[in-house]
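As provided, upload39.cif (mmCIF, C-alpha atoms and all ligand atoms) reads as follows.
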data_final
#
loop_
_atom_site.group_PDB
_atom_site.id
_atom_site.type_symbol
_atom_site.label_atom_id
_atom_site.label_comp_id
_atom_site.auth_asym_id
_atom_site.auth_seq_id
_atom_site.Cartn_x
_atom_site.Cartn_y
_atom_site.Cartn_z
ATOM 1 C CA MET A 1 -15.097 -1.103 0.140
ATOM 2 C CA THR A 2 -15.649 -1.249 3.897
ATOM 3 C CA HIS A 3 -16.711 1.968 5.593
ATOM 4 C CA ASP A 4 -13.502 2.298 7.662
ATOM 5 C CA LEU A 5 -11.224 1.675 4.696
ATOM 6 C CA GLN A 6 -13.001 4.367 2.693
ATOM 7 C CA ARG A 7 -12.967 6.798 5.625
ATOM 8 C CA TYR A 8 -9.208 6.376 6.051
ATOM 9 C CA THR A 9 -8.356 6.653 2.387
ATOM 10 C CA GLU A 10 -10.651 9.646 1.718
ATOM 11 C CA SER A 11 -9.191 11.463 4.697
ATOM 12 C CA ASN A 12 -5.698 10.692 3.417
ATOM 13 C CA ARG A 13 -6.729 11.984 -0.001
ATOM 14 C CA ALA A 14 -7.577 15.347 1.575
ATOM 15 C CA ALA A 15 -4.298 15.294 3.509
ATOM 16 C CA TRP A 16 -2.257 14.696 0.355
ATOM 17 C CA ASN A 17 -4.166 17.349 -1.569
ATOM 18 C CA GLU A 18 -3.268 19.761 1.201
ATOM 19 C CA ALA A 19 0.395 18.673 1.300
ATOM 20 C CA MET A 20 1.114 18.807 -2.432
ATOM 21 C CA PRO A 21 1.217 22.622 -2.856
ATOM 22 C CA TYR A 22 3.956 22.713 -0.174
ATOM 23 C CA HIS A 23 5.931 20.009 -1.988
ATOM 24 C CA GLN A 24 5.393 21.786 -5.293
ATOM 25 C CA ARG A 25 6.602 25.112 -3.968
ATOM 26 C CA ALA A 26 9.825 23.417 -2.883
ATOM 27 C CA ALA A 27 10.492 21.036 -5.779
ATOM 28 C CA LYS A 28 8.168 21.248 -8.811
ATOM 29 C CA ASP A 29 10.515 23.401 -10.916
ATOM 30 C CA LYS A 30 13.468 21.228 -9.928
ATOM 31 C CA TRP A 31 11.723 18.077 -11.206
ATOM 32 C CA ASP A 32 10.489 19.784 -14.381
ATOM 33 C CA GLY A 33 14.060 20.873 -15.125
ATOM 34 C CA ARG A 34 15.543 17.452 -14.431
ATOM 35 C CA PHE A 35 13.026 15.520 -16.515
ATOM 36 C CA ALA A 36 13.576 17.938 -19.397
ATOM 37 C CA MET A 37 16.962 16.159 -19.680
ATOM 38 C CA PRO A 38 16.635 13.009 -21.832
ATOM 39 C CA GLY A 39 17.118 9.770 -19.891
ATOM 40 C CA TYR A 40 17.071 11.376 -16.427
ATOM 41 C CA SER A 41 16.488 9.050 -13.430
ATOM 42 C CA CYS A 42 16.129 9.943 -9.759
ATOM 43 C CA LEU A 43 16.404 6.330 -8.550
ATOM 44 C CA ALA A 44 19.060 5.256 -6.061
ATOM 45 C CA GLU A 45 21.995 3.025 -7.043
ATOM 46 C CA ASN A 46 20.820 0.061 -4.965
ATOM 47 C CA GLU A 47 17.406 0.151 -6.647
ATOM 48 C CA LEU A 48 19.006 0.392 -10.105
ATOM 49 C CA GLU A 49 21.018 -2.754 -9.348
ATOM 50 C CA GLU A 50 17.825 -4.602 -8.470
ATOM 51 C CA TRP A 51 16.120 -3.417 -11.667
ATOM 52 C CA GLN A 52 19.047 -4.788 -13.669
ATOM 53 C CA ARG A 53 18.527 -8.122 -12.000
ATOM 54 C CA PHE A 54 14.738 -8.010 -12.521
ATOM 55 C CA GLY A 55 14.919 -6.766 -16.120
ATOM 56 C CA LEU A 56 13.042 -3.586 -16.988
ATOM 57 C CA THR A 57 13.357 -3.111 -20.741
ATOM 58 C CA GLY A 58 9.942 -3.042 -22.399
ATOM 59 C CA LYS A 59 8.123 -4.101 -19.215
ATOM 60 C CA ALA A 60 4.660 -2.656 -18.509
ATOM 61 C CA VAL A 61 4.705 -1.008 -15.073
ATOM 62 C CA ALA A 62 1.845 -0.038 -12.737
ATOM 63 C CA HIS A 63 3.068 2.297 -9.987
ATOM 64 C CA LEU A 64 0.746 2.292 -6.962
ATOM 65 C CA CYS A 65 0.764 5.483 -4.834
ATOM 66 C CA CYS A 66 2.899 7.174 -7.496
ATOM 67 C CA ASN A 67 2.597 10.695 -6.036
ATOM 68 C CA ASN A 68 4.061 13.242 -8.519
ATOM 69 C CA GLY A 69 5.313 10.527 -10.864
ATOM 70 C CA VAL A 70 9.058 11.082 -10.689
ATOM 71 C CA GLU A 71 9.944 7.465 -9.884
ATOM 72 C CA LEU A 72 7.727 6.076 -12.646
ATOM 73 C CA MET A 73 9.120 8.649 -15.113
ATOM 74 C CA SER A 74 12.591 7.441 -14.157
ATOM 75 C CA LEU A 75 11.635 3.844 -14.985
ATOM 76 C CA LYS A 76 10.301 5.053 -18.329
ATOM 77 C CA ASN A 77 13.600 6.792 -19.042
ATOM 78 C CA LEU A 78 15.440 3.592 -18.086
ATOM 79 C CA GLY A 79 13.600 1.606 -20.762
ATOM 80 C CA ALA A 80 10.267 0.460 -19.271
ATOM 81 C CA GLY A 81 7.329 -0.114 -21.650
ATOM 82 C CA GLU A 82 3.790 1.070 -20.846
ATOM 83 C CA CYS A 83 3.879 3.089 -17.597
ATOM 84 C CA VAL A 84 0.749 3.863 -15.587
ATOM 85 C CA GLY A 85 0.763 5.590 -12.186
ATOM 86 C CA PHE A 86 -2.161 5.423 -9.737
ATOM 87 C CA ASP A 87 -2.600 7.780 -6.780
ATOM 88 C CA ILE A 88 -5.479 9.029 -4.662
ATOM 89 C CA SER A 89 -4.324 12.668 -4.580
ATOM 90 C CA ASP A 90 -5.852 14.921 -7.242
ATOM 91 C CA ALA A 91 -3.016 17.434 -6.826
ATOM 92 C CA ALA A 92 -0.253 14.808 -7.135
ATOM 93 C CA ILE A 93 -1.805 13.271 -10.262
ATOM 94 C CA LEU A 94 -2.277 16.683 -11.870
ATOM 95 C CA GLU A 95 1.385 17.537 -11.262
ATOM 96 C CA ALA A 96 2.467 14.181 -12.735
ATOM 97 C CA GLN A 97 0.249 14.630 -15.803
ATOM 98 C CA GLU A 98 1.537 18.156 -16.386
ATOM 99 C CA ARG A 99 5.174 17.072 -16.096
ATOM 100 C CA ALA A 100 4.660 14.093 -18.434
ATOM 101 C CA ALA A 101 3.192 16.464 -21.048
ATOM 102 C CA LEU A 102 5.834 19.153 -20.501
ATOM 103 C CA CYS A 103 8.758 16.728 -20.725
ATOM 104 C CA ASN A 104 7.215 14.537 -23.417
ATOM 105 C CA LEU A 105 7.249 11.387 -21.296
ATOM 106 C CA ASP A 106 4.911 8.603 -22.367
ATOM 107 C CA CYS A 107 3.458 7.862 -18.894
ATOM 108 C CA ARG A 108 -0.221 7.865 -17.896
ATOM 109 C CA PHE A 109 -1.448 8.937 -14.472
ATOM 110 C CA VAL A 110 -4.813 7.933 -13.014
ATOM 111 C CA ARG A 111 -6.416 9.424 -9.928
ATOM 112 C CA THR A 112 -7.857 6.596 -7.906
ATOM 113 C CA ASP A 113 -7.771 4.872 -4.555
ATOM 114 C CA VAL A 114 -5.526 1.812 -5.061
ATOM 115 C CA TYR A 115 -8.283 -0.304 -3.505
ATOM 116 C CA ALA A 116 -10.626 0.823 -6.271
ATOM 117 C CA ILE A 117 -8.423 0.611 -9.390
ATOM 118 C CA ASP A 118 -10.710 -0.042 -12.331
ATOM 119 C CA ARG A 119 -10.882 -3.671 -13.523
ATOM 120 C CA GLN A 120 -9.938 -2.564 -17.059
ATOM 121 C CA TRP A 121 -6.294 -2.596 -15.852
ATOM 122 C CA ASP A 122 -6.316 -6.245 -14.770
ATOM 123 C CA GLY A 123 -3.722 -8.561 -16.315
ATOM 124 C CA ARG A 124 -1.982 -5.672 -18.135
ATOM 125 C CA PHE A 125 1.299 -5.317 -16.209
ATOM 126 C CA ASP A 126 4.657 -7.082 -15.887
ATOM 127 C CA VAL A 127 5.434 -5.113 -12.734
ATOM 128 C CA VAL A 128 3.469 -3.583 -9.887
ATOM 129 C CA TYR A 129 5.842 -1.027 -8.359
ATOM 130 C CA ILE A 130 5.466 0.286 -4.784
ATOM 131 C CA THR A 131 7.955 2.766 -3.376
ATOM 132 C CA ILE A 132 9.172 4.709 -0.412
ATOM 133 C CA GLY A 133 6.492 5.743 2.018
ATOM 134 C CA ALA A 134 3.505 4.108 0.312
ATOM 135 C CA LEU A 135 2.612 1.069 2.449
ATOM 136 C CA GLY A 136 2.251 3.105 5.652
ATOM 137 C CA TRP A 137 -0.764 4.912 4.138
ATOM 138 C CA LEU A 138 -2.600 1.727 3.276
ATOM 139 C CA PRO A 139 -4.804 0.139 5.949
ATOM 140 C CA ASP A 140 -5.255 -3.345 4.466
ATOM 141 C CA LEU A 141 -2.224 -5.099 2.961
ATOM 142 C CA ALA A 142 -4.054 -8.343 2.144
ATOM 143 C CA ARG A 143 -6.507 -6.410 0.024
ATOM 144 C CA LEU A 144 -3.722 -4.323 -1.527
ATOM 145 C CA PHE A 145 -1.687 -7.295 -2.704
ATOM 146 C CA ALA A 146 -4.780 -9.183 -3.855
ATOM 147 C CA ARG A 147 -5.522 -6.180 -6.107
ATOM 148 C CA ALA A 148 -1.849 -5.986 -7.157
ATOM 149 C CA ALA A 149 -1.831 -9.674 -8.132
ATOM 150 C CA MET A 150 -4.870 -9.093 -10.362
ATOM 151 C CA LEU A 151 -3.100 -6.247 -12.163
ATOM 152 C CA LEU A 152 -0.204 -8.555 -13.076
ATOM 153 C CA LYS A 153 0.217 -10.782 -16.075
ATOM 154 C CA GLU A 154 1.088 -14.396 -15.270
ATOM 155 C CA GLY A 155 4.790 -14.397 -14.246
ATOM 156 C CA GLY A 156 4.767 -10.665 -13.474
ATOM 157 C CA GLY A 157 6.252 -9.336 -10.230
ATOM 158 C CA VAL A 158 5.511 -6.944 -7.399
ATOM 159 C CA PHE A 159 8.639 -4.807 -6.845
ATOM 160 C CA ILE A 160 8.665 -3.026 -3.473
ATOM 161 C CA HIS A 161 11.326 -0.527 -2.356
ATOM 162 C CA GLU A 162 10.249 0.664 1.070
ATOM 163 C CA ILE A 163 11.244 2.200 4.364
ATOM 164 C CA HIS A 164 12.126 -0.595 6.807
ATOM 165 C CA PRO A 165 9.536 -0.751 9.626
ATOM 166 C CA LEU A 166 12.415 -0.802 12.108
ATOM 167 C CA ALA A 167 13.382 2.729 10.990
ATOM 168 C CA GLU A 168 9.802 3.855 11.609
ATOM 169 C CA ILE A 169 9.973 3.025 15.315
ATOM 170 C CA LEU A 170 13.100 5.150 15.884
ATOM 171 C CA PRO A 171 12.966 8.942 16.347
ATOM 172 C CA ASP A 172 13.029 10.805 13.041
ATOM 173 C CA ASP A 173 15.565 13.520 12.295
ATOM 174 C CA GLY A 174 13.081 16.202 13.356
ATOM 175 C CA LYS A 175 13.587 15.016 16.943
ATOM 176 C CA GLN A 176 17.238 16.064 17.146
ATOM 177 C CA GLU A 177 17.215 16.022 20.954
ATOM 178 C CA ALA A 178 16.231 12.320 21.079
ATOM 179 C CA ASP A 179 18.762 9.487 21.152
ATOM 180 C CA PRO A 180 18.580 8.148 17.561
ATOM 181 C CA LEU A 181 18.767 4.547 18.804
ATOM 182 C CA ARG A 182 15.978 4.812 21.340
ATOM 183 C CA ILE A 183 12.702 3.085 20.515
ATOM 184 C CA ASN A 184 10.185 5.870 20.058
ATOM 185 C CA ASP A 185 7.116 3.983 18.813
ATOM 186 C CA PRO A 186 5.827 0.413 18.976
ATOM 187 C CA TYR A 187 6.672 -1.997 16.159
ATOM 188 C CA PHE A 188 3.310 -3.724 16.569
ATOM 189 C CA LYS A 189 0.280 -1.425 16.569
ATOM 190 C CA ALA A 190 -3.170 -2.487 15.444
ATOM 191 C CA GLU A 191 -4.833 0.937 15.614
ATOM 192 C CA PRO A 192 -3.910 3.624 13.062
ATOM 193 C CA TRP A 193 -1.687 6.586 13.834
ATOM 194 C CA VAL A 194 -3.778 9.757 13.683
ATOM 195 C CA ASP A 195 -1.931 12.949 12.738
ATOM 196 C CA TYR A 196 -2.826 16.456 11.633
ATOM 197 C CA GLY A 197 -0.740 18.065 8.871
ATOM 198 C CA ASP A 198 3.046 18.396 8.819
ATOM 199 C CA LEU A 199 3.494 16.338 5.671
ATOM 200 C CA ASP A 200 5.943 18.743 4.050
ATOM 201 C CA TYR A 201 9.064 16.609 4.285
ATOM 202 C CA VAL A 202 10.159 18.197 0.976
ATOM 203 C CA GLY A 203 10.202 21.911 1.846
ATOM 204 C CA GLY A 204 10.120 21.532 5.637
ATOM 205 C CA VAL A 205 7.178 23.908 6.226
ATOM 206 C CA HIS A 206 5.205 23.049 9.375
ATOM 207 C CA TYR A 207 1.421 23.287 9.164
ATOM 208 C CA ASP A 208 -1.652 21.926 10.969
ATOM 209 C CA SER A 209 -4.660 20.433 9.232
ATOM 210 C CA VAL A 210 -8.274 20.347 10.380
ATOM 211 C CA LEU A 211 -8.919 16.844 9.083
ATOM 212 C CA PRO A 212 -6.897 13.885 10.390
ATOM 213 C CA GLN A 213 -4.601 11.691 8.318
ATOM 214 C CA TYR A 214 -4.224 7.997 9.107
ATOM 215 C CA GLY A 215 -1.000 5.983 9.048
ATOM 216 C CA PHE A 216 -0.544 2.258 9.575
ATOM 217 C CA ALA A 217 2.282 0.304 11.192
ATOM 218 C CA HIS A 218 2.991 -2.821 9.147
ATOM 219 C CA PRO A 219 5.535 -5.217 10.635
ATOM 220 C CA LEU A 220 7.651 -6.853 7.927
ATOM 221 C CA SER A 221 5.992 -10.202 8.652
ATOM 222 C CA ASP A 222 2.610 -8.654 7.738
ATOM 223 C CA VAL A 223 3.987 -7.459 4.400
ATOM 224 C CA ILE A 224 5.417 -10.890 3.590
ATOM 225 C CA MET A 225 2.370 -12.818 4.766
ATOM 226 C CA ALA A 226 0.002 -10.549 2.818
ATOM 227 C CA LEU A 227 2.036 -11.208 -0.345
ATOM 228 C CA ILE A 228 1.979 -14.950 0.292
ATOM 229 C CA GLY A 229 -1.736 -14.824 1.088
ATOM 230 C CA SER A 230 -2.349 -13.236 -2.313
ATOM 231 C CA GLY A 231 -0.750 -16.210 -4.048
ATOM 232 C CA LEU A 232 2.500 -14.363 -4.800
ATOM 233 C CA VAL A 233 5.864 -16.073 -4.376
ATOM 234 C CA VAL A 234 8.567 -14.072 -2.600
ATOM 235 C CA GLU A 235 11.715 -14.443 -4.708
ATOM 236 C CA ARG A 236 14.040 -11.735 -3.441
ATOM 237 C CA PHE A 237 14.423 -9.720 -0.235
ATOM 238 C CA VAL A 238 17.338 -7.368 0.510
ATOM 239 C CA GLU A 239 17.750 -5.062 3.538
ATOM 240 C CA TYR A 240 19.889 -1.919 3.417
ATOM 241 C CA ASP A 241 21.521 0.436 5.856
ATOM 242 C CA ILE A 242 20.303 3.287 3.610
ATOM 243 C CA ASP A 243 17.718 5.865 4.660
ATOM 244 C CA THR A 244 15.318 6.210 1.736
ATOM 245 C CA SER A 245 12.809 8.235 3.755
ATOM 246 C CA ALA A 246 15.137 11.256 4.114
ATOM 247 C CA GLY A 247 13.969 11.357 7.728
ATOM 248 C CA HIS A 248 16.343 8.852 9.332
ATOM 249 C CA LYS A 249 19.794 10.026 8.245
ATOM 250 C CA ARG A 250 21.000 9.943 11.863
ATOM 251 C CA GLN A 251 20.565 6.165 11.970
ATOM 252 C CA GLU A 252 22.663 5.483 8.864
ATOM 253 C CA GLY A 253 25.949 3.705 9.500
ATOM 254 C CA LYS A 254 24.776 2.284 12.824
ATOM 255 C CA GLY A 255 24.251 -1.278 11.658
ATOM 256 C CA LEU A 256 20.458 -1.132 11.362
ATOM 257 C CA PRO A 257 18.199 -2.013 8.430
ATOM 258 C CA LEU A 258 16.598 1.246 7.252
ATOM 259 C CA SER A 259 15.121 0.197 3.909
ATOM 260 C CA TYR A 260 14.454 -2.935 1.870
ATOM 261 C CA ILE A 261 13.694 -4.197 -1.606
ATOM 262 C CA LEU A 262 11.374 -7.155 -2.016
ATOM 263 C CA VAL A 263 10.245 -8.889 -5.206
ATOM 264 C CA ALA A 264 7.314 -11.317 -5.281
ATOM 265 C CA ARG A 265 6.127 -13.123 -8.393
ATOM 266 C CA ARG A 266 2.677 -14.129 -9.651
HETATM 267 C C1 LIG B 1 4.857 9.415 0.658
HETATM 268 S S1 LIG B 1 4.041 9.325 -0.904
HETATM 269 C C2 LIG B 1 4.992 8.017 -1.527
HETATM 270 C C3 LIG B 1 5.055 8.033 -2.975
HETATM 271 C C4 LIG B 1 6.413 8.162 -3.617
HETATM 272 N N1 LIG B 1 7.248 7.046 -3.347
HETATM 273 C C5 LIG B 1 7.102 9.438 -3.211
HETATM 274 O O1 LIG B 1 8.148 9.364 -2.562
HETATM 275 O O2 LIG B 1 6.631 10.499 -3.575
HETATM 276 C C6 LIG B 1 2.508 8.522 -0.507
HETATM 277 C C7 LIG B 1 1.496 8.602 -1.654
HETATM 278 O O3 LIG B 1 0.476 7.637 -1.410
HETATM 279 C C8 LIG B 1 -0.744 8.161 -1.891
HETATM 280 N N2 LIG B 1 -1.834 7.397 -1.289
HETATM 281 C C9 LIG B 1 -2.147 7.297 0.025
HETATM 282 N N3 LIG B 1 -3.207 6.482 0.174
HETATM 283 C C10 LIG B 1 -3.570 6.062 -1.079
HETATM 284 C C11 LIG B 1 -4.592 5.209 -1.571
HETATM 285 N N4 LIG B 1 -5.470 4.617 -0.763
HETATM 286 N N5 LIG B 1 -4.653 5.011 -2.906
HETATM 287 C C12 LIG B 1 -3.782 5.614 -3.750
HETATM 288 N N6 LIG B 1 -2.789 6.425 -3.331
HETATM 289 C C13 LIG B 1 -2.680 6.652 -2.008
HETATM 290 C C14 LIG B 1 -0.670 9.624 -1.471
HETATM 291 O O4 LIG B 1 -1.583 10.416 -2.195
HETATM 292 C C15 LIG B 1 0.795 9.958 -1.743
HETATM 293 O O5 LIG B 1 0.947 10.498 -3.033
#
Go ahead and render the structure in this file as structure tokens.
Ligand SMILES: C[S@@+](CC[C@H](N)C(=O)[O-])C[C@H]1O[C@@H](n2cnc3c(N)ncnc32)[C@H](O)[C@@H]1O
Amino acid sequence: MTHDLQRYTESNRAAWNEAMPYHQRAAKDKWDGRFAMPGYSCLAENELEEWQRFGLTGKAVAHLCCNNGVELMSLKNLGAGECVGFDISDAAILEAQERAALCNLDCRFVRTDVYAIDRQWDGRFDVVYITIGALGWLPDLARLFARAAMLLKEGGGVFIHEIHPLAEILPDDGKQEADPLRINDPYFKAEPWVDYGDLDYVGGVHYDSVLPQYGFAHPLSDVIMALIGSGLVVERFVEYDIDTSAGHKRQEGKGLPLSYILVARR
């Protein structure tokens, strides 16, 4: 791994370890209660439609940047086969493992940088799943999708449900005084965003951190070209006027793409 890549991801690991107790204070009991109900899913309607089209029953799923596991657990409850979540945050993986045990869900969770997923997992999955707010933490998309392609069986697919990069350049709902349709940030930005704390979008607690966290602006063309460059074939791409980030509600209903689902096949 290059020095910069490792520096970014290790710093982000610390940031997510710091953020998770805030998220857990706000929502851990809620998720434990919900997943105690057989068959519970937290996935949005538009994503469920796309899973019906893709076919989920019995499929082996690798979820990259799985955080506390609730999306992967939902796929399991919807009929997926082997489910393995990978995330760099020790605290997120521990929460996911505890919930899987508590709610008797047959999902495994592995703490690792996605760029360093062990080779033992190669060729084991029908789906590599990437969701809401994951790509913006990852510095190198070409390397990400090259690793994702190796995890897939022949014919398997990468299923991405993400925040649209257009939404990311508009002011988030925390900036209530700003015109929601004004461009706040550049769409193209080679250097990382450097921030300190304030990752509690679940409970809304503001905090500062000592160590920086690094975010990355990925234009949609970079996502698509990185998939193509990894030998994957883009087979479906849908844009939605639906805020999946929970931070851009003010832009809903204004005719802008706020999220997308993209499927690419090995
Ligand atoms: C905003 S969460 C998105 C996950 C999920 N969709 C959610 O809504 O909870 C971002 C996750 O990416 C993880 N992450 C960031 N960089 C990573 C890396 N290099 N390898 C693995 N996980 C990473 C973080 O630990 C965090 O759990």
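Around ligand LIG 1 (chain B), the neighbouring residues within 7 Å, taking all atoms listed in the file, come to Thr9, Asn12, Arg13, Trp16, Leu64, Cys65, Cys66, Asn67, Asn68, Phe86, Asp87, Ile88, Ser89, Ala92, Thr112, Asp113, Val114, Tyr115, Thr131, Ile132, Gly133, Ala134, Trp137 and Leu138 of chain A.
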Just checking: using only C-alpha atoms, which residue out of A:Leu258, A:Ala146, A:Leu102, A:Ala62 ends up closest to Asp172 in chain A?
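Result for the nearest residue to Asp172 in chain A: A:Leu258.
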Can you sort out the box for range 179-196 of chain A, edges along x, y and z, all listed atoms in, 5 Å on every side, with centre and edge lengths in Å to one decimal, as lines of an AutoDock Vina configuration file?
center_x = 7.0
center_y = 6.4
center_z = 16.5
size_x = 33.6
size_y = 30.2
size_z = 19.7
So which residues get picked by the PyMOL selection byres (((chain A and resi 31-44) around 7) and not hetatm) here, written as a list of chain:residue names?
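Those residues are A:Ala27, A:Lys28, A:Asp29, A:Lys30, A:Glu45, A:Asn46, A:Glu47, A:Leu48, A:Glu71, A:Ser74, A:Asn77, A:Leu78, A:Arg99, A:Cys103.
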Using Å and a single decimal, report how far CA of Thr2 in chain A sits from CA of Arg108 in chain A.
28.2 Å
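Going from CA of Leu152 in chain A over to CA of Thr57 in chain A, you cover 16.5 Å.
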Just the number, please: distance in Å from CA of Ala96 in chain A to CA of Leu144 in chain A, one decimal.
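According to the coordinates, CA of Ala96 in chain A and CA of Leu144 in chain A are separated by 22.5 Å.
Residues within 9 Å of Tyr196 in chain A, counting only C-alpha atoms and excluding same-chain residues fewer than 4 positions away, are A:Ala15, A:Tyr207, A:Asp208, A:Ser209, A:Val210, A:Leu211, A:Pro212, A:Gln213, A:Tyr214.
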Please produce a file of the residues just selected, as a PDB file, in the coordinates of the input, where the atoms kept are C-alpha atoms.
ATOM      1  CA  ALA A  15      -4.298  15.294   3.509  1.00  0.00           C
ATOM      2  CA  TYR A 207       1.421  23.287   9.164  1.00  0.00           C
ATOM      3  CA  ASP A 208      -1.652  21.926  10.969  1.00  0.00           C
ATOM      4  CA  SER A 209      -4.660  20.433   9.232  1.00  0.00           C
ATOM      5  CA  VAL A 210      -8.274  20.347  10.380  1.00  0.00           C
ATOM      6  CA  LEU A 211      -8.919  16.844   9.083  1.00  0.00           C
ATOM      7  CA  PRO A 212      -6.897  13.885  10.390  1.00  0.00           C
ATOM      8  CA  GLN A 213      -4.601  11.691   8.318  1.00  0.00           C
ATOM      9  CA  TYR A 214      -4.224   7.997   9.107  1.00  0.00           C
TER      10      TYR A 214
END
Nearest residue to Gly155 in chain A out of A:Asp118, A:Asp222, A:Glu235, A:Glu82, using only C-alpha atoms?
A:Glu235
